[in-house]
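This is final14.cif. It holds mmCIF, C-alpha atoms.
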```
data_structure
#
loop_
_atom_site.group_PDB
_atom_site.id
_atom_site.type_symbol
_atom_site.label_atom_id
_atom_site.label_comp_id
_atom_site.auth_asym_id
_atom_site.auth_seq_id
_atom_site.Cartn_x
_atom_site.Cartn_y
_atom_site.Cartn_z
ATOM 1 C CA MET A 856 0.000 0.000 0.000
ATOM 2 C CA PRO A 857 1.787 3.189 -1.160
ATOM 3 C CA TYR A 858 0.128 5.460 1.327
ATOM 4 C CA THR A 859 -0.037 4.701 5.037
ATOM 5 C CA ALA A 860 -2.641 6.717 6.879
ATOM 6 C CA THR A 861 -2.265 7.563 10.527
ATOM 7 C CA ARG A 862 -3.391 4.664 12.658
ATOM 8 C CA HIS A 863 -4.381 6.417 15.828
ATOM 9 C CA ARG A 864 -7.986 6.111 16.916
ATOM 10 C CA PRO A 865 -9.878 9.356 16.259
ATOM 11 C CA ARG A 866 -11.175 11.259 19.256
ATOM 12 C CA TRP A 867 -14.960 11.177 19.316
ATOM 13 C CA TRP A 868 -15.397 14.754 20.505
ATOM 14 C CA THR A 869 -13.200 16.223 17.769
ATOM 15 C CA GLU A 870 -15.002 14.117 15.165
ATOM 16 C CA LEU A 871 -18.371 15.247 16.467
ATOM 17 C CA MET A 872 -17.346 18.891 16.312
ATOM 18 C CA LEU A 873 -15.886 18.474 12.817
ATOM 19 C CA ILE A 874 -19.001 16.827 11.429
ATOM 20 C CA ALA A 875 -21.263 19.377 13.133
ATOM 21 C CA VAL A 876 -19.275 22.295 11.692
ATOM 22 C CA VAL A 877 -19.201 20.778 8.198
ATOM 23 C CA TYR A 878 -22.896 19.952 8.256
ATOM 24 C CA ALA A 879 -23.738 23.467 9.459
ATOM 25 C CA ALA A 880 -21.607 24.933 6.666
ATOM 26 C CA TYR A 881 -23.273 22.619 4.162
ATOM 27 C CA SER A 882 -26.760 23.564 5.344
ATOM 28 C CA ALA A 883 -25.977 27.286 5.378
ATOM 29 C CA GLY A 884 -24.330 27.127 1.975
ATOM 30 C CA ARG A 885 -27.219 25.134 0.559
ATOM 31 C CA LEU A 886 -29.594 27.790 1.836
ATOM 32 C CA LEU A 887 -27.503 30.674 0.522
ATOM 33 C CA ALA A 888 -27.099 29.017 -2.864
ATOM 34 C CA ARG A 889 -30.664 29.799 -3.880
ATOM 35 C CA GLY A 890 -30.496 30.598 -7.548
ATOM 36 C CA ASN A 891 -32.942 32.540 -9.665
ATOM 37 C CA VAL A 892 -36.208 30.571 -9.802
ATOM 38 C CA SER A 893 -36.623 30.992 -13.555
ATOM 39 C CA THR A 894 -33.073 29.721 -14.096
ATOM 40 C CA ALA A 895 -33.724 26.747 -11.837
ATOM 41 C CA VAL A 896 -36.905 25.929 -13.766
ATOM 42 C CA GLU A 897 -35.008 26.157 -17.067
ATOM 43 C CA HIS A 898 -32.407 23.741 -15.771
ATOM 44 C CA GLY A 899 -35.092 21.342 -14.567
ATOM 45 C CA THR A 900 -36.959 21.312 -17.870
ATOM 46 C CA ALA A 901 -33.679 20.933 -19.780
ATOM 47 C CA ILE A 902 -32.854 17.827 -17.716
ATOM 48 C CA LEU A 903 -36.336 16.456 -18.368
ATOM 49 C CA ARG A 904 -35.975 17.016 -22.131
ATOM 50 C CA ALA A 905 -32.582 15.311 -22.133
ATOM 51 C CA GLU A 906 -33.972 12.309 -20.285
ATOM 52 C CA LYS A 907 -36.858 11.970 -22.716
ATOM 53 C CA ALA A 908 -34.455 12.141 -25.653
ATOM 54 C CA LEU A 909 -32.329 9.406 -24.041
ATOM 55 C CA LEU A 910 -35.388 7.338 -23.014
ATOM 56 C CA LEU A 911 -34.385 7.678 -19.353
ATOM 57 C CA ASN A 912 -37.584 9.286 -18.105
ATOM 58 C CA ALA A 913 -38.480 6.904 -15.276
ATOM 59 C CA GLU A 914 -39.822 9.645 -12.984
ATOM 60 C CA HIS A 915 -43.306 9.856 -14.508
ATOM 61 C CA PRO A 916 -44.339 6.181 -14.115
ATOM 62 C CA LEU A 917 -42.838 6.002 -10.631
ATOM 63 C CA ASN A 918 -44.511 9.228 -9.552
ATOM 64 C CA ARG A 919 -47.887 8.051 -10.867
ATOM 65 C CA LEU A 920 -47.455 4.755 -8.993
ATOM 66 C CA PHE A 921 -46.617 6.497 -5.703
ATOM 67 C CA THR A 922 -49.437 9.009 -6.177
ATOM 68 C CA LYS A 923 -52.110 6.387 -6.832
ATOM 69 C CA THR A 924 -50.870 3.899 -4.227
ATOM 70 C CA PRO A 925 -50.694 5.351 -0.710
ATOM 71 C CA ALA A 926 -49.217 2.067 0.561
ATOM 72 C CA LEU A 927 -46.134 2.936 -1.498
ATOM 73 C CA GLY A 928 -46.262 6.730 -1.497
ATOM 74 C CA ILE A 929 -46.544 7.260 2.258
ATOM 75 C CA PRO A 930 -43.613 4.975 3.248
ATOM 76 C CA ALA A 931 -41.586 6.515 0.448
ATOM 77 C CA ASP A 932 -42.216 9.999 1.857
ATOM 78 C CA PHE A 933 -41.188 8.854 5.324
ATOM 79 C CA ALA A 934 -38.036 7.282 3.867
ATOM 80 C CA TYR A 935 -37.170 10.467 1.965
ATOM 81 C CA ALA A 936 -37.736 12.688 5.008
ATOM 82 C CA SER A 937 -35.823 10.588 7.528
ATOM 83 C CA LEU A 938 -33.356 7.946 6.314
ATOM 84 C CA HIS A 939 -30.984 10.490 4.770
ATOM 85 C CA TYR A 940 -30.476 12.007 8.239
ATOM 86 C CA LEU A 941 -30.501 8.770 10.246
ATOM 87 C CA VAL A 942 -28.693 6.053 8.310
ATOM 88 C CA THR A 943 -25.616 8.083 7.371
ATOM 89 C CA PRO A 944 -24.798 9.210 10.956
ATOM 90 C CA ALA A 945 -25.499 5.689 12.202
ATOM 91 C CA ILE A 946 -22.967 4.219 9.788
ATOM 92 C CA LEU A 947 -20.418 6.886 10.724
ATOM 93 C CA VAL A 948 -20.790 5.879 14.387
ATOM 94 C CA TRP A 949 -20.573 2.194 13.463
ATOM 95 C CA LEU A 950 -17.353 2.760 11.528
ATOM 96 C CA PHE A 951 -15.907 4.861 14.351
ATOM 97 C CA ARG A 952 -16.551 2.132 16.901
ATOM 98 C CA ARG A 953 -15.932 -1.042 14.891
ATOM 99 C CA HIS A 954 -13.498 0.039 12.176
ATOM 100 C CA PRO A 955 -11.511 3.008 13.532
ATOM 101 C CA VAL A 956 -8.614 2.470 11.105
ATOM 102 C CA ARG A 957 -11.023 2.774 8.149
ATOM 103 C CA TYR A 958 -13.095 5.554 9.653
ATOM 104 C CA ARG A 959 -10.866 8.513 8.763
ATOM 105 C CA ALA A 960 -10.771 7.769 5.038
ATOM 106 C CA ALA A 961 -14.506 7.028 4.960
ATOM 107 C CA ARG A 962 -15.365 10.268 6.754
ATOM 108 C CA THR A 963 -13.065 12.272 4.488
ATOM 109 C CA TRP A 964 -14.687 10.757 1.412
ATOM 110 C CA LEU A 965 -18.153 11.697 2.653
ATOM 111 C CA LEU A 966 -17.189 15.273 3.549
ATOM 112 C CA LEU A 967 -15.355 15.952 0.284
ATOM 113 C CA SER A 968 -18.293 14.652 -1.741
ATOM 114 C CA THR A 969 -20.710 16.773 0.264
ATOM 115 C CA PHE A 970 -18.761 19.925 -0.538
ATOM 116 C CA LEU A 971 -18.696 18.950 -4.212
ATOM 117 C CA GLY A 972 -22.466 18.596 -4.052
ATOM 118 C CA LEU A 973 -22.720 22.072 -2.555
ATOM 119 C CA ALA A 974 -20.726 23.385 -5.511
ATOM 120 C CA GLY A 975 -23.280 21.735 -7.781
ATOM 121 C CA PHE A 976 -26.178 23.426 -5.966
ATOM 122 C CA THR A 977 -24.444 26.775 -6.372
ATOM 123 C CA LEU A 978 -23.447 26.458 -10.010
ATOM 124 C CA LEU A 979 -26.535 24.646 -11.254
ATOM 125 C CA PRO A 980 -29.683 25.536 -9.266
ATOM 126 C CA THR A 981 -32.313 23.089 -10.431
ATOM 127 C CA CYS A 982 -36.063 22.931 -9.943
ATOM 128 C CA PRO A 983 -37.151 19.445 -8.830
ATOM 129 C CA PRO A 984 -39.944 17.704 -10.772
ATOM 130 C CA ARG A 985 -42.524 18.348 -8.041
ATOM 131 C CA LEU A 986 -42.144 22.142 -8.425
ATOM 132 C CA LEU A 987 -42.493 22.223 -12.196
ATOM 133 C CA ASP A 988 -45.695 23.470 -13.760
ATOM 134 C CA ALA A 989 -48.555 20.986 -13.416
ATOM 135 C CA GLY A 990 -48.527 20.557 -17.181
ATOM 136 C CA HIS A 991 -45.376 18.455 -16.844
ATOM 137 C CA GLY A 992 -47.426 15.786 -15.094
ATOM 138 C CA PHE A 993 -45.747 15.508 -11.698
ATOM 139 C CA VAL A 994 -47.477 15.348 -8.320
ATOM 140 C CA ASP A 995 -45.732 16.404 -5.113
ATOM 141 C CA THR A 996 -46.289 13.319 -2.947
ATOM 142 C CA MET A 997 -44.786 15.064 0.072
ATOM 143 C CA ALA A 998 -47.573 17.635 -0.138
ATOM 144 C CA GLN A 999 -50.192 15.024 -1.024
ATOM 145 C CA TYR A 1000 -49.423 12.910 2.047
ATOM 146 C CA SER A 1001 -48.281 15.713 4.348
ATOM 147 C CA SER A 1002 -51.035 14.971 6.856
ATOM 148 C CA TYR A 1003 -49.346 11.624 7.609
ATOM 149 C CA GLY A 1004 -45.968 13.068 8.552
ATOM 150 C CA TRP A 1005 -44.159 15.979 10.123
ATOM 151 C CA TRP A 1006 -43.334 17.665 6.839
ATOM 152 C CA GLY A 1007 -45.387 20.335 5.145
ATOM 153 C CA GLY A 1008 -45.743 21.178 1.492
ATOM 154 C CA GLU A 1009 -42.140 22.402 1.192
ATOM 155 C CA ALA A 1010 -39.795 19.488 0.672
ATOM 156 C CA SER A 1011 -39.059 17.353 3.736
ATOM 157 C CA ALA A 1012 -38.716 20.282 6.127
ATOM 158 C CA PRO A 1013 -40.973 20.253 9.201
ATOM 159 C CA ARG A 1014 -44.121 22.323 8.926
ATOM 160 C CA GLY A 1015 -43.424 26.020 9.188
ATOM 161 C CA MET A 1016 -39.704 25.595 8.403
ATOM 162 C CA GLY A 1017 -39.864 25.434 4.630
ATOM 163 C CA ALA A 1018 -38.199 28.844 4.338
ATOM 164 C CA MET A 1019 -35.093 27.341 5.972
ATOM 165 C CA THR A 1020 -34.353 25.017 3.062
ATOM 166 C CA ASN A 1021 -33.395 25.513 -0.557
ATOM 167 C CA GLN A 1022 -35.960 23.704 -2.679
ATOM 168 C CA TYR A 1023 -34.010 24.350 -5.876
ATOM 169 C CA ALA A 1024 -30.997 22.215 -4.935
ATOM 170 C CA ALA A 1025 -31.945 19.107 -6.894
ATOM 171 C CA MET A 1026 -28.684 18.643 -8.836
ATOM 172 C CA PRO A 1027 -26.864 16.536 -7.739
ATOM 173 C CA SER A 1028 -28.927 14.311 -5.465
ATOM 174 C CA LEU A 1029 -27.011 13.892 -2.229
ATOM 175 C CA HIS A 1030 -29.816 11.647 -1.009
ATOM 176 C CA VAL A 1031 -28.547 9.190 -3.607
ATOM 177 C CA GLY A 1032 -24.898 10.131 -3.066
ATOM 178 C CA TRP A 1033 -24.981 9.576 0.690
ATOM 179 C CA ALA A 1034 -26.981 6.369 0.234
ATOM 180 C CA LEU A 1035 -24.316 5.100 -2.163
ATOM 181 C CA TRP A 1036 -21.622 5.900 0.411
ATOM 182 C CA CYS A 1037 -23.606 3.981 3.041
ATOM 183 C CA GLY A 1038 -23.990 1.048 0.675
ATOM 184 C CA VAL A 1039 -20.268 0.892 -0.049
ATOM 185 C CA MET A 1040 -19.458 0.977 3.674
ATOM 186 C CA LEU A 1041 -21.917 -1.832 4.407
ATOM 187 C CA TRP A 1042 -20.591 -3.910 1.508
ATOM 188 C CA ARG A 1043 -16.924 -3.406 2.411
ATOM 189 C CA HIS A 1044 -17.097 -3.760 6.157
ATOM 190 C CA GLY A 1045 -20.282 -5.716 6.845
ATOM 191 C CA ARG A 1046 -19.600 -9.190 8.172
ATOM 192 C CA THR A 1047 -22.917 -10.821 7.327
ATOM 193 C CA PRO A 1048 -24.793 -11.476 4.073
ATOM 194 C CA LEU A 1049 -27.646 -9.336 5.402
ATOM 195 C CA MET A 1050 -25.434 -6.273 5.753
ATOM 196 C CA ARG A 1051 -24.081 -6.718 2.234
ATOM 197 C CA THR A 1052 -27.596 -7.145 0.902
ATOM 198 C CA LEU A 1053 -28.596 -3.902 2.610
ATOM 199 C CA GLY A 1054 -25.505 -2.287 1.116
ATOM 200 C CA VAL A 1055 -26.865 -3.009 -2.357
ATOM 201 C CA ALA A 1056 -30.545 -2.430 -1.606
ATOM 202 C CA TYR A 1057 -30.313 0.897 0.245
ATOM 203 C CA PRO A 1058 -28.913 3.075 -2.589
ATOM 204 C CA LEU A 1059 -31.208 1.415 -5.138
ATOM 205 C CA LEU A 1060 -34.247 1.964 -2.922
ATOM 206 C CA THR A 1061 -33.217 5.578 -2.307
ATOM 207 C CA THR A 1062 -32.962 6.192 -6.059
ATOM 208 C CA LEU A 1063 -36.505 4.879 -6.586
ATOM 209 C CA VAL A 1064 -37.791 6.965 -3.672
ATOM 210 C CA VAL A 1065 -36.298 10.278 -4.812
ATOM 211 C CA MET A 1066 -37.750 9.812 -8.285
ATOM 212 C CA GLY A 1067 -41.125 8.434 -7.207
ATOM 213 C CA THR A 1068 -41.707 11.305 -4.787
ATOM 214 C CA ALA A 1069 -40.799 13.766 -7.600
ATOM 215 C CA ASN A 1070 -37.922 15.242 -5.621
ATOM 216 C CA HIS A 1071 -35.227 14.378 -8.167
ATOM 217 C CA TYR A 1072 -34.691 13.441 -11.788
ATOM 218 C CA PHE A 1073 -32.862 10.294 -12.773
ATOM 219 C CA LEU A 1074 -29.908 12.393 -13.946
ATOM 220 C CA ASP A 1075 -29.796 14.002 -10.472
ATOM 221 C CA ALA A 1076 -29.225 10.509 -9.096
ATOM 222 C CA VAL A 1077 -26.514 9.856 -11.692
ATOM 223 C CA ALA A 1078 -24.856 13.148 -10.738
ATOM 224 C CA GLY A 1079 -25.022 12.201 -7.059
ATOM 225 C CA ALA A 1080 -23.190 8.959 -7.799
ATOM 226 C CA ALA A 1081 -20.639 10.851 -9.929
ATOM 227 C CA VAL A 1082 -19.969 13.303 -7.093
ATOM 228 C CA MET A 1083 -19.259 10.399 -4.771
ATOM 229 C CA GLY A 1084 -16.901 8.905 -7.342
ATOM 230 C CA ILE A 1085 -14.929 12.139 -7.623
ATOM 231 C CA GLY A 1086 -14.864 12.423 -3.833
ATOM 232 C CA ALA A 1087 -13.449 8.900 -3.614
ATOM 233 C CA LEU A 1088 -10.646 9.818 -6.037
ATOM 234 C CA LEU A 1089 -9.777 12.916 -4.000
ATOM 235 C CA THR A 1090 -9.782 11.169 -0.619
ATOM 236 C CA ARG A 1091 -6.257 9.763 -0.650
ATOM 237 C CA PRO A 1092 -4.598 13.015 -1.832
ATOM 238 C CA ALA A 1093 -6.604 14.899 0.794
ATOM 239 C CA LEU A 1094 -5.410 12.555 3.535
ATOM 240 C CA ARG A 1095 -1.800 12.911 2.385
ATOM 241 C CA LEU A 1096 -2.131 16.688 2.457
ATOM 242 C CA ALA A 1097 -3.715 16.619 5.905
ATOM 243 C CA ASP A 1098 -0.909 14.431 7.244
ATOM 244 C CA ARG A 1099 1.755 16.716 5.791
ATOM 245 C CA MET A 1100 0.063 19.758 7.310
ATOM 246 C CA ARG A 1101 -0.174 18.012 10.671
ATOM 247 C CA THR A 1102 3.491 17.052 10.558
ATOM 248 C CA ARG A 1103 4.559 20.543 9.555
ATOM 249 C CA PHE A 1104 2.457 22.651 11.891
ATOM 250 C CA LEU A 1105 1.770 20.235 14.753
ATOM 251 C CA PRO A 1106 4.972 18.227 15.101
ATOM 252 C CA ALA A 1107 4.342 17.455 18.758
ATOM 253 C CA ALA A 1108 0.901 16.051 17.967
ATOM 254 C CA SER A 1109 2.112 13.964 15.041
ATOM 255 C CA ALA A 1110 5.250 12.606 16.702
ATOM 256 C CA VAL A 1111 4.989 9.073 18.011
ATOM 257 C CA LYS A 1112 6.588 8.582 21.387
ATOM 258 C CA SER A 1113 8.943 5.648 21.588
ATOM 259 C CA PRO A 1114 8.143 3.106 24.294
ATOM 260 C CA ILE A 1115 11.930 2.635 24.781
ATOM 261 C CA VAL A 1116 13.262 4.906 27.494
ATOM 262 C CA SER A 1117 16.618 5.132 25.749
ATOM 263 C CA ALA A 1118 14.870 6.659 22.686
ATOM 264 C CA GLY A 1119 16.369 3.930 20.521
ATOM 265 C CA CYS A 1120 19.978 4.164 21.744
ATOM 266 C CA GLU A 1121 21.743 0.853 22.194
ATOM 267 C CA THR A 1122 24.686 0.090 24.448
ATOM 268 C CA SER A 1123 27.383 -2.483 24.085
ATOM 269 C CA ALA A 1124 28.105 -5.055 26.752
ATOM 270 C CA GLY A 1125 29.341 -3.361 29.897
ATOM 271 C CA GLU A 1126 28.211 0.126 28.808
ATOM 272 C CA ARG A 1127 25.508 2.234 30.441
ATOM 273 C CA ILE A 1128 23.374 5.133 29.268
ATOM 274 C CA PRO A 1129 24.091 8.506 30.970
ATOM 275 C CA GLY A 1130 22.998 8.567 34.568
ATOM 276 C CA GLN A 1131 22.151 4.860 34.669
ATOM 277 C CA ARG A 1132 22.694 3.178 38.020
ATOM 278 C CA THR A 1133 23.940 -0.341 38.430
ATOM 279 C CA THR A 1134 23.634 -2.845 41.220
ATOM 280 C CA SER A 1135 26.908 -4.549 40.338
ATOM 281 C CA ALA A 1136 29.226 -4.961 43.308
ATOM 282 C CA GLY A 1137 31.994 -2.426 43.537
ATOM 283 C CA ALA A 1138 30.546 -0.129 40.853
ATOM 284 C CA ASP A 1139 30.469 3.604 41.445
ATOM 285 C CA ASP A 1140 26.769 4.601 41.054
ATOM 286 C CA SER A 1141 27.631 8.261 40.720
ATOM 287 C CA THR A 1142 29.854 7.812 37.651
ATOM 288 C CA PRO A 1143 27.997 8.436 34.392
ATOM 289 C CA ALA A 1144 28.663 6.163 31.428
ATOM 290 C CA ALA A 1145 29.722 7.358 28.019
ATOM 291 C CA ALA A 1146 26.942 8.744 25.879
ATOM 292 C CA CYS A 1147 25.674 6.562 23.071
#
```
What is this structure when it is put down as structure tokens?
Amino acid sequence: MPYTATRHRPRWWTELMLIAVVYAAYSAGRLLARGNVSTAVEHGTAILRAEKALLLNAEHPLNRLFTKTPALGIPADFAYASLHYLVTPAILVWLFRRHPVRYRAARTWLLLSTFLGLAGFTLLPTCPPRLLDAGHGFVDTMAQYSSYGWWGGEASAPRGMGAMTNQYAAMPSLHVGWALWCGVMLWRHGRTPLMRTLGVAYPLLTTLVVMGTANHYFLDAVAGAAVMGIGALLTRPALRLADRMRTRFLPAASAVKSPIVSAGCETSAGERIPGQRTTSAGADDSTPAAAC
């Protein structure tokens, strides 16, 4: 392995603060990245036209199925509004506790990809299918089934808090991106067939949910997976850079203390390290030995 990451176990309180700060920055940036509504609508309709030209328009049949079948639509809305914020932190905690050596790279991958997604929200504000004109044939299932959950008619935000979210941040889909990250972690580090099965099923299910609830286009899901791929490629260079910065600016923190009291010095037979005392008969305890 050409690159050896630091092997110390991360401190839980520093990790918690780091993730909280990054998530707050992500949420604030996502909110501030509200683009012009007309531009977002243009981007959304352009994506829809491209999908139709490529015969990739799976959103309409899925959305009709979820709209006409509450037994599918309601659970899908609950999954969209909750799993994104529950499963990902749970897997982070699981990795921290069970796979601490792998945790740092996995966390870095997730954070890098999240920031790339934020760049996508900023550069390409996109109207989700549910907010397009009714003539496009989409139904907002979150609004349709809002009486069953805590969300209102504005995305998955709790009622009365819709103004605190950016509803035009559809491209890329980090619901799909984060779900893919979770799936990879379960597949790589899960020790049972069930965990590996969930690793495959969770991102696929999330992709169906985001399209069926009319929150994302299929190409949003593809972009979410692409963002995670780029984040994976950047993870190792980012870890190398972080280690170099730690070594340069925090030498005391990065130095590994030797368990040998002589700091690696060796003595020949009959020699002593400076200040060493001996119990040999007739030896002068106050006489220091030659330095190594």
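Shortest separation to Thr981 (chain A) among A:Pro930, A:Pro925, A:Gly899, A:Pro1027 occurs at residue A:Gly899, atoms counted being all atoms listed in the file.
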Just to confirm, what's the straight-line distance from CA of Gly972 (chain A) to CA of Gly1032 (chain A) in Å (one decimal)? 8.9 Å
Using the chain letters and numbers from this file, what does the PyMOL selection byres ((chain A and resi 898) around 8) select? Give the answer as a PyMOL selection string. chain A and resi 894-897+899-902+979-982
Per residue of region 908-1002 of chain A within 8 Å of region 1058-1082 of chain A, note the shortest atom pair and the distance in Å to one decimal, counting only C-alpha atoms, and order the rows by chain and increasing residue number, as a tab-separated table.
```
residue	atom	partner	partner_atom	distance
A:Leu911	CA	A:Phe1073	CA	7.2
A:Asn912	CA	A:Phe1073	CA	7.2
A:Ala913	CA	A:Phe1073	CA	7.0
A:Glu914	CA	A:Met1066	CA	5.1
A:His915	CA	A:Gly1067	CA	7.8
A:Pro916	CA	A:Gly1067	CA	7.9
A:Leu917	CA	A:Gly1067	CA	4.5
A:Asn918	CA	A:Gly1067	CA	4.2
A:Arg919	CA	A:Gly1067	CA	7.7
A:Leu920	CA	A:Gly1067	CA	7.5
A:Phe921	CA	A:Gly1067	CA	6.0
A:Gly928	CA	A:Thr1068	CA	7.2
A:Ala931	CA	A:Val1064	CA	5.6
A:Asp932	CA	A:Thr1068	CA	6.8
A:Ala934	CA	A:Val1064	CA	7.5
A:Tyr935	CA	A:Val1064	CA	6.7
A:Ser968	CA	A:Val1082	CA	5.8
A:Leu971	CA	A:Val1082	CA	6.5
A:Gly972	CA	A:Val1082	CA	6.6
A:Pro983	CA	A:Asn1070	CA	5.3
A:Pro984	CA	A:Ala1069	CA	5.1
A:Arg985	CA	A:Ala1069	CA	4.9
A:Phe993	CA	A:Ala1069	CA	6.7
A:Val994	CA	A:Ala1069	CA	6.9
A:Asp995	CA	A:Ala1069	CA	6.1
A:Thr996	CA	A:Thr1068	CA	5.3
A:Met997	CA	A:Thr1068	CA	6.9
```
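Straight-line separation from CA of Pro1092 (chain A) to CA of Ala875 (chain A): 23.3 Å.
Once the PyMOL selection byres ((chain A and resi 958) around 10) is applied to this file, the selection holds A:Arg864, A:Pro865, A:Ile946, A:Leu947, A:Val948, A:Trp949, A:Leu950, A:Phe951, A:Arg952, A:Arg953, A:His954, A:Pro955, A:Val956, A:Arg957, A:Arg959, A:Ala960, A:Ala961, A:Arg962, A:Thr963, A:Trp964, A:Met1040.
Closest approach to Leu1029 (chain A) among A:Val1055, A:Met1083, A:Leu987, A:Leu941: A:Met1083, based on all atoms listed in the file.
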